[in-house]
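Student: Before anything else, here's the structure in question.
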Amino acid sequence: MAQKLSAVIITFNEERNIARCIDSLEGVADEIVVVDSFSKDSTKEICELKGVIFIENPFEGHIQQKNFAIDKASYDWVLSLDADEALSPELRKSILEVKEQASFQGYRMNRLTNYCGHWVKHCGWYPDTKVRLISKHHARWTGVNPHDRLDMLNGEETGFLKGDILHYSYYTKEDHFKQIEYFGNIAARELFERGGKSNWVKVWIKVIAQFVKSFFLKTGFLDGWTGVLISVRSAYATYRKYVKLMELQRQNEVG
C-alpha cells in the first residue's frame with residue numbers, strides 16, 4: 001500500500017509562481033499545505049481556488065517558517081518545496097516510486113534553475129542537490145538564514161532521486177537585484193550576530209574570489225552570456241553582503 005505524502009510550501013506574494021508549483025504536485029501529493037506570511041497579492045485566492053490547506057503565520061525566518069510548515073503536515077512523509085519550484089516529470093515518477101517502497105528516511109534530488117529564460121547548468125548552480133523528501137520525524141530545517149538546509153536529525157544516509165526540481169528563480173535582472181538586497185540584509189545581520197567582521201580589504205578579496213569561483217572554477221563561461229551575468233551579479237551580491245555588515249558594525253559603534 002502506497003504511503004501518504006504531504007507537500008508543504010511557504011509563500012509571500014507568490015502569485016506569479018504558486019499555481020505552477022501546486023499543479024506539478026497533482027497526483028503526487030495527498031495533501032498540499034501552504035503556509036503564507038500574509039501576502040498582499042492574490043496568492044491566497046489562487047491557493048483557495050486550487051483547494052490546498054492554506055495557513056497564515058507570521059514570518060520569523062525561512063528556517064522557522066519551513067519547520068512550522070512541516071509540523072502542519074498530516075502525513076509522515078513530507079515533500080518541502082519553495083513556491084518558485086516545480087517537479088519535473090522524471091522527479092514526479094521517482095517520488096511515486098518512493099511512496100510505493102521507501103528504502104531511506106530522506107531523499108535528495110537535483111535542482112535546475114531557470115535564469116531569465118535560460119536553464120543554468122554551470123556557475124555552481126547545478127546540480128545544486130537538495131534534501132527535500134523526508135520522513136518528518138527524522139529531519140528538520142537548519143542552517144543560517146537565508147541559507148537553510150534540510151538535515152537528517154541523526155545523520156541518516158539519504159537516497160537519491162532521478163529528475164530535477166525546476167527552479168524558476170529570476171524572470172528579470174530586477175528580480176535578481178531585488179533578491180540580492182533582500183538576502184544581503186538577512187545574511188549580513190546573521191553574520192553580525194555571530195560576531196562576523198568586515199573591512200574594505202576583506203570585501204574586495206571576497207568579491208574577486210566569488211567571481212573567480214563562479215566563472216572559472218564552476219565553469220560559468222560554459223553558460224555563455226548568462227554565465228557572465230550570473231558570475232558578475234554573484235560577485236555583486238557578495239559585495240553588498242559585506243558592505244551591509246560594515247554598516248552594521250558602524251551603527252553598533254555609534255550606538
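By convention in this document, the chains of the C-alpha cells carry letters A, B, ... by their order, each chain's residues are numbered from 1, and ligands are numbered from 1 in the order they are shown.
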Neighbours of region 192-206 of chain A within 7 Å (only C-alpha atoms; same-chain residues fewer than 5 positions away dropped), as an MDAnalysis selection string?

Tutor: chainID A and resid 238:239 242 245:246

Student: Using only C-alpha atoms, which residue out of A:Ser39, A:Ser74, A:Ser6, A:Asn252 lies closest to Arg132 (chain A)?

Tutor: A:Ser6

Student: Pick out the residues sitting within 9 Å of region 169-182 of chain A, and hand them over as a PyMOL selection string; count only C-alpha atoms, and ignore anything fewer than 4 positions along from it in its own chain.

Tutor: chain A and resi 84-85+113-117+186-187+233-234+236-238+240-241

Student: Pick out the closest residue to Ile95 (chain A) from this set: A:Lys50, A:Arg16, A:His122, A:Lys162. Count only C-alpha atoms.

Tutor: A:Lys162

Student: List every residue of region 30-252 of chain A that DSSP, applied to the backbone, labels as strand (DSSP E), and write the result as a ChimeraX atom specification.

Tutor: /A:31-36,53-56,77-82,85-87,106-115,118-120,130-135,139-144,147-152,159-170

Student: Can you pull out every residue from region 109-247 of chain A that DSSP, working from the backbone, puts in helix (DSSP H, G or I), and format the result as number ranges by chain?

Tutor: A: 136-138, 173-193, 200-217, 220-247

Student: Restricting it to C-alpha atoms, dump the selection as a JSON list (two decimals), in the first residue's frame.

Tutor:
```
[["chain", "number", "residue", "atom", "x", "y", "z"],
["A", 136, "LYS", "CA", 9.19, 14.28, 9.11],
["A", 137, "HIS", "CA", 10.30, 12.84, 12.46],
["A", 138, "HIS", "CA", 13.78, 12.25, 11.04],
["A", 173, "LYS", "CA", 17.53, 41.27, -13.78],
["A", 174, "GLU", "CA", 15.42, 43.45, -11.48],
["A", 175, "ASP", "CA", 14.21, 40.27, -9.73],
["A", 176, "HIS", "CA", 17.82, 39.26, -9.13],
["A", 177, "PHE", "CA", 18.90, 42.63, -7.75],
["A", 178, "LYS", "CA", 15.83, 42.75, -5.51],
["A", 179, "GLN", "CA", 16.75, 39.34, -4.06],
["A", 180, "ILE", "CA", 20.39, 40.38, -3.66],
["A", 181, "GLU", "CA", 19.25, 43.22, -1.40],
["A", 182, "TYR", "CA", 16.74, 41.06, 0.46],
["A", 183, "PHE", "CA", 19.10, 38.15, 1.16],
["A", 184, "GLY", "CA", 22.03, 40.50, 1.69],
["A", 185, "ASN", "CA", 20.24, 42.16, 4.59],
["A", 186, "ILE", "CA", 19.42, 38.82, 6.20],
["A", 187, "ALA", "CA", 22.91, 37.34, 5.67],
["A", 188, "ALA", "CA", 24.69, 40.46, 6.96],
["A", 189, "ARG", "CA", 22.51, 40.50, 10.08],
["A", 190, "GLU", "CA", 23.19, 36.80, 10.74],
["A", 191, "LEU", "CA", 26.95, 37.33, 10.28],
["A", 192, "PHE", "CA", 26.90, 40.34, 12.59],
["A", 193, "GLU", "CA", 25.03, 38.47, 15.31],
["A", 200, "TRP", "CA", 37.30, 47.03, 2.61],
["A", 201, "VAL", "CA", 40.23, 44.63, 2.09],
["A", 202, "LYS", "CA", 38.04, 41.69, 3.05],
["A", 203, "VAL", "CA", 35.22, 42.97, 0.83],
["A", 204, "TRP", "CA", 37.32, 43.06, -2.33],
["A", 205, "ILE", "CA", 39.03, 39.74, -1.63],
["A", 206, "LYS", "CA", 35.60, 38.12, -1.18],
["A", 207, "VAL", "CA", 34.20, 39.78, -4.33],
["A", 208, "ILE", "CA", 37.09, 38.71, -6.57],
["A", 209, "ALA", "CA", 37.08, 35.20, -5.11],
["A", 210, "GLN", "CA", 33.35, 34.85, -5.77],
["A", 211, "PHE", "CA", 33.70, 35.85, -9.43],
["A", 212, "VAL", "CA", 36.66, 33.51, -9.98],
["A", 213, "LYS", "CA", 34.78, 30.67, -8.33],
["A", 214, "SER", "CA", 31.58, 31.16, -10.33],
["A", 215, "PHE", "CA", 33.03, 31.97, -13.77],
["A", 216, "PHE", "CA", 36.21, 29.86, -13.84],
["A", 217, "LEU", "CA", 36.20, 27.16, -11.15],
["A", 220, "GLY", "CA", 30.24, 29.60, -15.67],
["A", 221, "PHE", "CA", 31.78, 30.52, -19.03],
["A", 222, "LEU", "CA", 30.10, 27.42, -20.47],
["A", 223, "ASP", "CA", 26.72, 29.11, -19.90],
["A", 224, "GLY", "CA", 27.74, 31.90, -22.29],
["A", 225, "TRP", "CA", 26.48, 35.42, -21.66],
["A", 226, "THR", "CA", 24.11, 34.13, -18.98],
["A", 227, "GLY", "CA", 27.15, 32.74, -17.15],
["A", 228, "VAL", "CA", 28.87, 36.13, -17.35],
["A", 229, "LEU", "CA", 25.82, 37.89, -15.90],
["A", 230, "ILE", "CA", 25.37, 35.38, -13.10],
["A", 231, "SER", "CA", 29.05, 35.48, -12.13],
["A", 232, "VAL", "CA", 29.15, 39.30, -12.06],
["A", 233, "ARG", "CA", 25.91, 39.52, -10.09],
["A", 234, "SER", "CA", 27.02, 36.83, -7.66],
["A", 235, "ALA", "CA", 30.15, 38.88, -7.01],
["A", 236, "TYR", "CA", 27.97, 41.97, -6.53],
["A", 237, "ALA", "CA", 25.81, 40.05, -4.03],
["A", 238, "THR", "CA", 28.96, 39.26, -2.04],
["A", 239, "TYR", "CA", 29.91, 42.96, -2.18],
["A", 240, "ARG", "CA", 26.52, 44.06, -0.87],
["A", 241, "LYS", "CA", 26.53, 41.50, 1.96],
["A", 242, "TYR", "CA", 29.90, 42.55, 3.35],
["A", 243, "VAL", "CA", 29.25, 46.27, 2.88],
["A", 244, "LYS", "CA", 26.00, 45.85, 4.81],
["A", 245, "LEU", "CA", 27.98, 44.06, 7.52],
["A", 246, "MET", "CA", 30.33, 47.07, 7.74],
["A", 247, "GLU", "CA", 27.31, 49.35, 8.07]]
```

Student: Please provide the set of residues having any atom within 10 Å of Phe104 (chain A), restricted to only C-alpha atoms, with same-chain residues fewer than 5 positions apart removed, written as a list in words.

Tutor: Val98, Ile134, Ser135, Glu156, Glu157, Thr158, Gly159 and Phe160 of chain A

Student: Using only C-alpha atoms for the distances, tell me which of A:Ile18, A:Val254, A:Val28, A:Ile63 is nearest to Asn145 (chain A).

Tutor: A:Ile63

Student: Work out how far apart CA of Ser94 (chain A) and CA of Asn110 (chain A) are and give it in Å to one decimal.

Tutor: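 So the answer is 12.2 Å.
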
Student: Do you know which residues are at most 10 Å from Arg111 (chain A) counting only C-alpha atoms, after dropping those on the same chain fewer than 3 positions away, and could you put them as a ChimeraX atom specification?

Tutor: /A:85-88,108,114,125-130,163-167

Student: Do you know which residues are at most 12 Å from Glu60 (chain A) counting only C-alpha atoms, after dropping those on the same chain fewer than 3 positions away, and could you put them as a PDB file with N, CA and C atoms, in the first residue's frame?

Tutor:
```
ATOM      1  N   ASP A  36       1.538  30.800   4.556  1.00  0.00           N
ATOM      2  CA  ASP A  36       1.722  32.120   3.967  1.00  0.00           C
ATOM      3  C   ASP A  36       1.936  33.179   5.050  1.00  0.00           C
ATOM      4  N   SER A  37       2.862  34.095   4.798  1.00  0.00           N
ATOM      5  CA  SER A  37       3.132  35.155   5.779  1.00  0.00           C
ATOM      6  C   SER A  37       2.412  36.444   5.365  1.00  0.00           C
ATOM      7  N   ASN A  57       0.738  32.561   8.858  1.00  0.00           N
ATOM      8  CA  ASN A  57       1.601  32.539  10.043  1.00  0.00           C
ATOM      9  C   ASN A  57       2.650  33.638   9.906  1.00  0.00           C
ATOM     10  N   ILE A  63      13.958  29.367   8.035  1.00  0.00           N
ATOM     11  CA  ILE A  63      14.092  28.101   8.754  1.00  0.00           C
ATOM     12  C   ILE A  63      12.880  27.870   9.653  1.00  0.00           C
ATOM     13  N   GLN A  64      12.520  28.890  10.408  1.00  0.00           N
ATOM     14  CA  GLN A  64      11.389  28.760  11.325  1.00  0.00           C
ATOM     15  C   GLN A  64      10.085  28.487  10.571  1.00  0.00           C
ATOM     16  N   GLN A  65       9.878  29.197   9.468  1.00  0.00           N
ATOM     17  CA  GLN A  65       8.631  29.040   8.724  1.00  0.00           C
ATOM     18  C   GLN A  65       8.535  27.670   8.061  1.00  0.00           C
ATOM     19  N   LYS A  66       9.653  27.165   7.562  1.00  0.00           N
ATOM     20  CA  LYS A  66       9.632  25.856   6.909  1.00  0.00           C
ATOM     21  C   LYS A  66       9.440  24.725   7.923  1.00  0.00           C
ATOM     22  N   ASN A  67       9.999  24.877   9.104  1.00  0.00           N
ATOM     23  CA  ASN A  67       9.751  23.870  10.146  1.00  0.00           C
ATOM     24  C   ASN A  67       8.307  23.928  10.633  1.00  0.00           C
ATOM     25  N   PHE A  68       7.753  25.124  10.717  1.00  0.00           N
ATOM     26  CA  PHE A  68       6.346  25.277  11.074  1.00  0.00           C
ATOM     27  C   PHE A  68       5.473  24.550  10.046  1.00  0.00           C
ATOM     28  N   ASN A 145      19.921  31.533   8.276  1.00  0.00           N
ATOM     29  CA  ASN A 145      19.091  32.303   7.344  1.00  0.00           C
ATOM     30  C   ASN A 145      19.945  33.288   6.541  1.00  0.00           C
ATOM     31  N   PRO A 146      19.720  33.416   5.219  1.00  0.00           N
ATOM     32  CA  PRO A 146      18.675  32.758   4.438  1.00  0.00           C
ATOM     33  C   PRO A 146      19.111  31.433   3.816  1.00  0.00           C
ATOM     34  N   ILE A 186      19.550  39.939   5.261  1.00  0.00           N
ATOM     35  CA  ILE A 186      19.420  38.819   6.205  1.00  0.00           C
ATOM     36  C   ILE A 186      20.789  38.222   6.527  1.00  0.00           C
TER      37      ILE A 186
END
```

Student: Please determine, counting only C-alpha atoms, which residue among A:Gly61, A:Lys99, A:Ala2, A:Glu90 has the shortest atom-to-atom distance to His147 (chain A).

Tutor: A:Gly61

Student: If I take CA of Val131 (chain A) and CA of Met1 (chain A), how far is one from the other in Å, to one decimal?

Tutor: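 Interatomic distance here is 24.2 Å.
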
Student: CA of His62 (chain A) and CA of Arg149 (chain A), how far apart in Å?

Tutor: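 Taking CA of Arg149 (chain A) as the start and CA of His62 (chain A) as the end point, the length is 9.9 Å.
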